[in-house]
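Undergrad: Questions regarding the structure given below will be posed in turn.
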Amino acid sequence: MRARLVGARLLQAIPVVIGVVVITFVLTRALPGDPAVYFAGDAADEASIQQVREQLGLDAPLPQQFIRYVGDLLRGDWGNSLSTGQPVLSDLARRLPASLELTLIALLLSCAIAIPLGVMAATRPGSWRDHLCRVLVTAGVSLPTFFTGILLIYVFYYLLDIAPSPLGRLDFLYIEPAPVTGFYLIDSALAGDWDTFGGAARQLVLPAITMAIFTLAPIARMTRAAMLQALSSDFIRTARAAGLPRGRIVYGYALRNALLPVVTTLGMVFSFALGANVLVEKVFAWPGIGSYAVDALVASDYAAVQGFVLAMALLFVTLNLIIDLLYAVIDPRIGFDAT
Amino acid sequence: MTGTTQSHGFASHVGHVMRQNPVTMIAFGMLGLLVFCAVFGPALVPHDPLASGARILQPPSGEHWFGTDHLGRDVFSRVIVATRLDMVISVGAVALSFVAGAILGCAAGYWGGWPDAVISRGLDMIMAFPLFVLAMGIVAALGNTVENVIYATAVINTPFYARVVRAEVNIRREAGFVQAARLAGNSDLRIVALHIFPNALPPMMVQVSLNMGWAVLNAAGLSFIGLGVRPPTPEWGIMVAEGANYIISGEWWLAVFPGLWLMFAVFTFNLLGDGLRDIVDPRQRR
């Protein structure tokens, strides 16, 4: 039964992936001007433009072009980046771990703050703590990520001088750990190189906090709402009547049930986080795929930008899939259709 | 007669909510300030926002309230003048997605069947992207202009409106007043537009004010990474991006003031959104 549910959910992801590919294809074809003129270069004459057009298959009807595009994607040919001269796919693969490490650490941090905050607000609804939580959360979501990052740099790097310079994942003093997972924290820990681990962690702190502040709001709000609902349900009343200790009721029973809707909102939070990731990487010169895309945008390097958009979308679809599968594992009552 | 009592009831309800929730009243005041800056700001600022001067990188003073930037331009004037452009971009984007969302949502909710399937799946496809990333892709594909930033922001916001409208229209499709209107010989189009759609307006208004803050953030974020508005046009995102180069040498006022003003705008809309939700649907407060 469980296997069938998982299989059904995997099948549901297929049309989404197809849709994502269709949209990126449309974006490719909506390039300003004629892509053939663009790829042929400035000095090209009419004949060579025509040649490039035939070479790229741009004279074929759209459906045929689409099939060709999908074929290229499947073969791993995502085009070449103009600015780095490398295939886009290998560029992205090399830079992806940096982005993932930052995003995941930030989300962990965000959950670690937001869930207790939501629980605190829900256990005392209407109190000053509840209002404080609401104001904090609204302020957090109103802070533009790029601005928070710059503010943190100013305070902790320039004024207090306790943060390292906001330039990338590792200071020049340290040697990059041997790439196993691509996550510096894990790689350096595996190699037992705790100096590098500390260096990587110090670089990670400010960007991770920046992103965490932005993603606090939805998690805290959802936790509060779900906790309120859980706390007013019958089994909590029974537990209270049975005289169970308060901590046991709140954390042992209510929170465990309230976590399920929180897990589902994580999907939306990921969408925020991946978008915010681009801005945070730009501010902290973080060598992830977000800053790669920003550089590519500035250089009008369209193959790289499209590769990035597609990669992000596929990543997002995969993450949502994992969340849904986790959800079914956590809560045996719920199938995938009942949302 | 009924109309007046209803509107009176609504007004007193609004008054009640306002008294209960002074934060919403403050938010309306903040909105007034923003609108005032957007309308009259360019006429009132003390300096020309584009005129460079000899006094560069001056800290805030009586003459230059927010200091001057690397070209000697007055940061205060630039921040205030930028209000209009940022508001135009976000209001434009939200208005476009409001209209597009209303049309798509009505079509999907009223007719159901294959139009519903096509529209819903299409919106799901948009939602399958991290939205800011999709906006980047759209602007990159369409060309790097302010109009395209508006279109991109509108596209990524449309699904939210369409979903709200679809749900509201769908539950009223077979309602008594709709069947009465149909029997009276109204066309489908007229029923949807004049009888059903107005019911979806209150939740849509809430969506608008919740969405406005996000639209402002998105537009500023896009121009922060160099899309849309180009220097030397004063715009909050660009000003923060330019100021970022000076923050590590201690010239904080270049980035901090436009950033704070941007935050103020977003905060205003978010507070308003919460307040409006209380007015429109008191049960939903969470």
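Identifiers for the structure tokens are assigned positionally: chains receive A, B, ... in sequence, residues are indexed from 1 per chain, and ligands are indexed from 1 in the order shown.
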List as a Markdown table every residue of chain A that is in contact with chain B, defined as an atom at most 7 Å from one of its atoms (using only C-alpha atoms), together with the nearest atom pair and the distance in Å rounded to one decimal, sorted by chain and then rising number.
TA:
```
| residue | atom | partner | partner_atom | distance |
| --- | --- | --- | --- | --- |
| A:Val16 | CA | B:Met125 | CA | 6.2 |
| A:Gly19 | CA | B:Met125 | CA | 5.5 |
| A:Val20 | CA | B:Met125 | CA | 6.2 |
| A:Leu27 | CA | B:Ala141 | CA | 5.6 |
| A:Thr28 | CA | B:Ala141 | CA | 6.7 |
| A:Ala30 | CA | B:Ala141 | CA | 5.7 |
| A:Leu31 | CA | B:Ala141 | CA | 4.7 |
| A:Pro32 | CA | B:Leu142 | CA | 5.7 |
| A:Thr138 | CA | B:Asn270 | CA | 6.9 |
| A:Ala139 | CA | B:Phe267 | CA | 6.5 |
| A:Ser142 | CA | B:Phe267 | CA | 5.1 |
| A:Leu143 | CA | B:Met263 | CA | 5.5 |
| A:Pro144 | CA | B:Leu217 | CA | 6.2 |
| A:Phe147 | CA | B:Gly259 | CA | 5.8 |
| A:Ile150 | CA | B:Ala244 | CA | 6.5 |
| A:Tyr154 | CA | B:Ile247 | CA | 6.0 |
| A:Tyr158 | CA | B:Ile248 | CA | 5.9 |
| A:Ala225 | CA | B:Arg286 | CA | 6.1 |
| A:Ser271 | CA | B:Pro130 | CA | 4.4 |
| A:Phe272 | CA | B:Pro130 | CA | 6.9 |
| A:Leu274 | CA | B:Pro130 | CA | 6.3 |
| A:Gly275 | CA | B:Phe132 | CA | 4.8 |
| A:Val294 | CA | B:Ile225 | CA | 6.4 |
| A:Leu297 | CA | B:Ala140 | CA | 6.8 |
| A:Val298 | CA | B:Gly226 | CA | 6.8 |
| A:Val305 | CA | B:Gly137 | CA | 6.8 |
| A:Gln306 | CA | B:Gly137 | CA | 6.6 |
| A:Val309 | CA | B:Val133 | CA | 6.2 |
| A:Met312 | CA | B:Pro130 | CA | 6.9 |
| A:Ala313 | CA | B:Phe129 | CA | 4.7 |
| A:Phe316 | CA | B:Pro130 | CA | 6.7 |
| A:Val317 | CA | B:Ala128 | CA | 6.4 |
```
Undergrad: Would you give me, as a PyMOL selection string, the residues in region 138-313 of chain A that DSSP reads as helix (DSSP H, G or I)?
TA: chain A and resi 138-142+145-159+184-190+194-231+234-241+246-283+289-298+302-313
Undergrad: List the spatial neighbours of His47 (chain B) as a list in words - criterion: any atom at most 12 Å away, only C-alpha atoms, same-chain residues fewer than 4 positions off excluded.
TA: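 Surrounding residues, per the criterion: Gly41, Pro42, Ala43, Ala51, Ser52, Gly53, Glu63, His64, Trp65, Phe66, Gly67, Thr68, Gly72, Arg73, Asp74, Val75, Phe76, Ser77, Arg78, Val79, Ile80 and Val81 of chain B.
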Undergrad: I want to know what sits within 9 Å of Pro287 (chain A), based on only C-alpha atoms, with residues of the same chain fewer than 4 positions away left out; could you give that as a PyMOL selection string?
TA: chain A and resi 95-96+98-99+167-169+281-282+291-292
Undergrad: Could you write out the selected residues, including all heavy atoms, as a PDB file, in the first residue's frame?
TA:
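Okay, this is what ended up in selection-v4.pdb:
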```pdb
ATOM      1  N   ARG A  95      29.066  24.218  -8.751  1.00  0.00           N
ATOM      2  CA  ARG A  95      28.704  25.276  -7.810  1.00  0.00           C
ATOM      3  C   ARG A  95      27.503  24.934  -6.937  1.00  0.00           C
ATOM      4  O   ARG A  95      27.259  25.597  -5.943  1.00  0.00           O
ATOM      5  CB  ARG A  95      28.390  26.555  -8.606  1.00  0.00           C
ATOM      6  CG  ARG A  95      29.646  27.237  -9.086  1.00  0.00           C
ATOM      7  CD  ARG A  95      29.328  28.264 -10.124  1.00  0.00           C
ATOM      8  NE  ARG A  95      30.371  29.262 -10.248  1.00  0.00           N
ATOM      9  CZ  ARG A  95      30.322  30.438  -9.661  1.00  0.00           C
ATOM     10  NH1 ARG A  95      29.305  30.749  -8.913  1.00  0.00           N
ATOM     11  NH2 ARG A  95      31.293  31.304  -9.807  1.00  0.00           N
ATOM     12  N   LEU A  96      26.781  23.882  -7.317  1.00  0.00           N
ATOM     13  CA  LEU A  96      25.557  23.563  -6.582  1.00  0.00           C
ATOM     14  C   LEU A  96      25.779  23.279  -5.095  1.00  0.00           C
ATOM     15  O   LEU A  96      25.017  23.769  -4.258  1.00  0.00           O
ATOM     16  CB  LEU A  96      24.831  22.397  -7.260  1.00  0.00           C
ATOM     17  CG  LEU A  96      23.472  22.057  -6.667  1.00  0.00           C
ATOM     18  CD1 LEU A  96      22.524  23.217  -6.810  1.00  0.00           C
ATOM     19  CD2 LEU A  96      22.875  20.829  -7.342  1.00  0.00           C
ATOM     20  N   ALA A  98      27.733  24.473  -2.916  1.00  0.00           N
ATOM     21  CA  ALA A  98      27.856  25.708  -2.139  1.00  0.00           C
ATOM     22  C   ALA A  98      26.478  26.280  -1.835  1.00  0.00           C
ATOM     23  O   ALA A  98      26.188  26.659  -0.700  1.00  0.00           O
ATOM     24  CB  ALA A  98      28.703  26.724  -2.902  1.00  0.00           C
ATOM     25  N   SER A  99      25.611  26.313  -2.853  1.00  0.00           N
ATOM     26  CA  SER A  99      24.258  26.851  -2.648  1.00  0.00           C
ATOM     27  C   SER A  99      23.457  25.973  -1.703  1.00  0.00           C
ATOM     28  O   SER A  99      22.754  26.465  -0.821  1.00  0.00           O
ATOM     29  CB  SER A  99      23.513  26.940  -3.972  1.00  0.00           C
ATOM     30  OG  SER A  99      24.174  27.798  -4.836  1.00  0.00           O
ATOM     31  N   LEU A 167      33.612  37.356   1.668  1.00  0.00           N
ATOM     32  CA  LEU A 167      34.055  37.004   0.312  1.00  0.00           C
ATOM     33  C   LEU A 167      34.156  35.495   0.180  1.00  0.00           C
ATOM     34  O   LEU A 167      35.231  34.930   0.379  1.00  0.00           O
ATOM     35  CB  LEU A 167      35.411  37.650   0.014  1.00  0.00           C
ATOM     36  CG  LEU A 167      35.405  39.170  -0.125  1.00  0.00           C
ATOM     37  CD1 LEU A 167      36.817  39.700  -0.145  1.00  0.00           C
ATOM     38  CD2 LEU A 167      34.661  39.584  -1.382  1.00  0.00           C
ATOM     39  N   GLY A 168      33.066  34.858  -0.115  1.00  0.00           N
ATOM     40  CA  GLY A 168      33.120  33.457  -0.465  1.00  0.00           C
ATOM     41  C   GLY A 168      33.046  32.501   0.703  1.00  0.00           C
ATOM     42  O   GLY A 168      32.731  32.880   1.834  1.00  0.00           O
ATOM     43  N   ARG A 169      33.347  31.238   0.417  1.00  0.00           N
ATOM     44  CA  ARG A 169      33.096  30.169   1.372  1.00  0.00           C
ATOM     45  C   ARG A 169      34.238  29.952   2.340  1.00  0.00           C
ATOM     46  O   ARG A 169      34.059  29.349   3.384  1.00  0.00           O
ATOM     47  CB  ARG A 169      32.870  28.846   0.631  1.00  0.00           C
ATOM     48  CG  ARG A 169      31.688  28.857  -0.277  1.00  0.00           C
ATOM     49  CD  ARG A 169      31.622  27.570  -1.059  1.00  0.00           C
ATOM     50  NE  ARG A 169      31.085  26.483  -0.271  1.00  0.00           N
ATOM     51  CZ  ARG A 169      31.042  25.226  -0.696  1.00  0.00           C
ATOM     52  NH1 ARG A 169      31.530  24.921  -1.873  1.00  0.00           N
ATOM     53  NH2 ARG A 169      30.527  24.290   0.051  1.00  0.00           N
ATOM     54  N   GLU A 281      23.724  35.233  -2.067  1.00  0.00           N
ATOM     55  CA  GLU A 281      24.995  34.852  -2.676  1.00  0.00           C
ATOM     56  C   GLU A 281      25.674  36.041  -3.316  1.00  0.00           C
ATOM     57  O   GLU A 281      26.886  36.195  -3.271  1.00  0.00           O
ATOM     58  CB  GLU A 281      24.778  33.751  -3.720  1.00  0.00           C
ATOM     59  CG  GLU A 281      24.573  32.404  -3.093  1.00  0.00           C
ATOM     60  CD  GLU A 281      24.451  31.301  -4.130  1.00  0.00           C
ATOM     61  OE1 GLU A 281      24.730  31.551  -5.303  1.00  0.00           O
ATOM     62  OE2 GLU A 281      24.069  30.195  -3.735  1.00  0.00           O
ATOM     63  N   LYS A 282      24.868  36.915  -3.919  1.00  0.00           N
ATOM     64  CA  LYS A 282      25.451  38.102  -4.544  1.00  0.00           C
ATOM     65  C   LYS A 282      26.089  38.998  -3.481  1.00  0.00           C
ATOM     66  O   LYS A 282      27.202  39.493  -3.652  1.00  0.00           O
ATOM     67  CB  LYS A 282      24.352  38.852  -5.309  1.00  0.00           C
ATOM     68  CG  LYS A 282      24.674  40.282  -5.671  1.00  0.00           C
ATOM     69  CD  LYS A 282      25.000  40.415  -7.138  1.00  0.00           C
ATOM     70  CE  LYS A 282      24.990  41.852  -7.599  1.00  0.00           C
ATOM     71  NZ  LYS A 282      26.265  42.484  -7.640  1.00  0.00           N
ATOM     72  N   SER A 291      24.956  33.221  -7.574  1.00  0.00           N
ATOM     73  CA  SER A 291      25.854  34.295  -8.016  1.00  0.00           C
ATOM     74  C   SER A 291      26.332  34.011  -9.443  1.00  0.00           C
ATOM     75  O   SER A 291      26.587  34.929 -10.216  1.00  0.00           O
ATOM     76  CB  SER A 291      27.034  34.441  -7.062  1.00  0.00           C
ATOM     77  OG  SER A 291      27.724  33.234  -6.931  1.00  0.00           O
ATOM     78  N   TYR A 292      26.430  32.725  -9.789  1.00  0.00           N
ATOM     79  CA  TYR A 292      26.766  32.353 -11.173  1.00  0.00           C
ATOM     80  C   TYR A 292      25.721  32.920 -12.129  1.00  0.00           C
ATOM     81  O   TYR A 292      26.050  33.512 -13.158  1.00  0.00           O
ATOM     82  CB  TYR A 292      26.801  30.820 -11.251  1.00  0.00           C
ATOM     83  CG  TYR A 292      26.995  30.229 -12.628  1.00  0.00           C
ATOM     84  CD1 TYR A 292      28.226  30.331 -13.271  1.00  0.00           C
ATOM     85  CD2 TYR A 292      25.960  29.538 -13.255  1.00  0.00           C
ATOM     86  CE1 TYR A 292      28.415  29.761 -14.525  1.00  0.00           C
ATOM     87  CE2 TYR A 292      26.139  28.967 -14.494  1.00  0.00           C
ATOM     88  CZ  TYR A 292      27.364  29.083 -15.127  1.00  0.00           C
ATOM     89  OH  TYR A 292      27.535  28.523 -16.360  1.00  0.00           O
TER      90      TYR A 292
END
```
Undergrad: For each of A:Asp195, A:Asp72, A:Asp301, A:Asp187, take the minimum atom-to-atom distance to Glu101 (chain A), counting only C-alpha atoms, then give the residue where this is smallest.
TA: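 Using only C-alpha atoms, the shortest distance to Glu101 (chain A) belongs to A:Asp187.
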Undergrad: If we count only C-alpha atoms and set the cut-off at 12 Å, which residues sit around Phe160 (chain B), ignoring sequence neighbours fewer than 2 positions away in its own chain? Please answer as number ranges by chain.
TA: B: 94, 97-102, 104-105, 120, 123-124, 126-127, 131, 154-158, 162-167, 203-204, 206-208, 210-211
Undergrad: Using only C-alpha atoms, which protein or nucleic acid residues come within 9 Å of Met120 (chain A)? Drop anything in the same chain fewer than 2 positions from it, and give the result as a PyMOL selection string.
TA: chain A and resi 115-118+122-125+129-130+133+224
Undergrad: Go ahead and dump the residues you just picked, N, CA and C atoms, as a CSV table (one decimal), in the first residue's frame.
TA:
```csv
chain,number,residue,atom,x,y,z
A,115,ILE,N,10.1,27.5,15.1
A,115,ILE,CA,9.2,26.5,15.7
A,115,ILE,C,9.0,26.8,17.2
A,116,PRO,N,10.1,27.0,18.0
A,116,PRO,CA,9.8,27.4,19.4
A,116,PRO,C,9.1,28.7,19.5
A,117,LEU,N,9.4,29.7,18.6
A,117,LEU,CA,8.7,31.0,18.6
A,117,LEU,C,7.2,30.8,18.4
A,118,GLY,N,6.8,29.9,17.4
A,118,GLY,CA,5.4,29.7,17.1
A,118,GLY,C,4.8,29.0,18.3
A,122,ALA,N,1.6,30.3,20.5
A,122,ALA,CA,0.4,29.6,20.5
A,122,ALA,C,0.0,29.2,22.0
A,123,THR,N,0.9,29.0,22.8
A,123,THR,CA,0.6,28.5,24.2
A,123,THR,C,0.0,29.7,25.0
A,124,ARG,N,0.3,30.9,24.6
A,124,ARG,CA,-0.3,32.1,25.2
A,124,ARG,C,-0.9,33.0,24.2
A,125,PRO,N,-1.9,32.7,23.5
A,125,PRO,CA,-2.5,33.5,22.5
A,125,PRO,C,-3.0,34.8,23.1
A,129,ARG,N,3.7,38.2,24.5
A,129,ARG,CA,4.6,37.3,23.7
A,129,ARG,C,4.1,37.0,22.3
A,130,ASP,N,2.7,36.8,22.3
A,130,ASP,CA,2.1,36.5,21.0
A,130,ASP,C,2.3,37.7,20.1
A,133,CYS,N,5.8,38.1,18.9
A,133,CYS,CA,6.1,37.2,17.9
A,133,CYS,C,5.6,37.6,16.6
A,224,ARG,N,2.4,28.4,14.8
A,224,ARG,CA,1.4,29.0,15.7
A,224,ARG,C,0.0,28.5,15.4
```
Undergrad: Skip region 173-181 of chain B itself and residues of its chain fewer than 5 positions away, then list as a compact mmCIF listing (two decimals) with C-alpha atoms, in the first residue's frame all residues within 9 Å of it, counting only C-alpha atoms.
TA:
```
# COMPACT_ATOMS: atom_id res chain seq x y z
CA GLY B 109 -14.11 28.21 -11.56
CA TYR B 110 -17.25 28.81 -13.59
CA TRP B 111 -16.85 26.48 -16.54
CA GLU B 168 -14.74 31.69 -4.66
CA ASN B 186 -28.58 36.60 -18.20
CA SER B 187 -25.68 35.38 -20.31
CA ILE B 191 -23.48 36.23 -14.54
CA VAL B 192 -19.79 35.62 -13.91
CA HIS B 195 -23.13 38.37 -10.08
CA ILE B 196 -20.42 35.98 -8.99
```
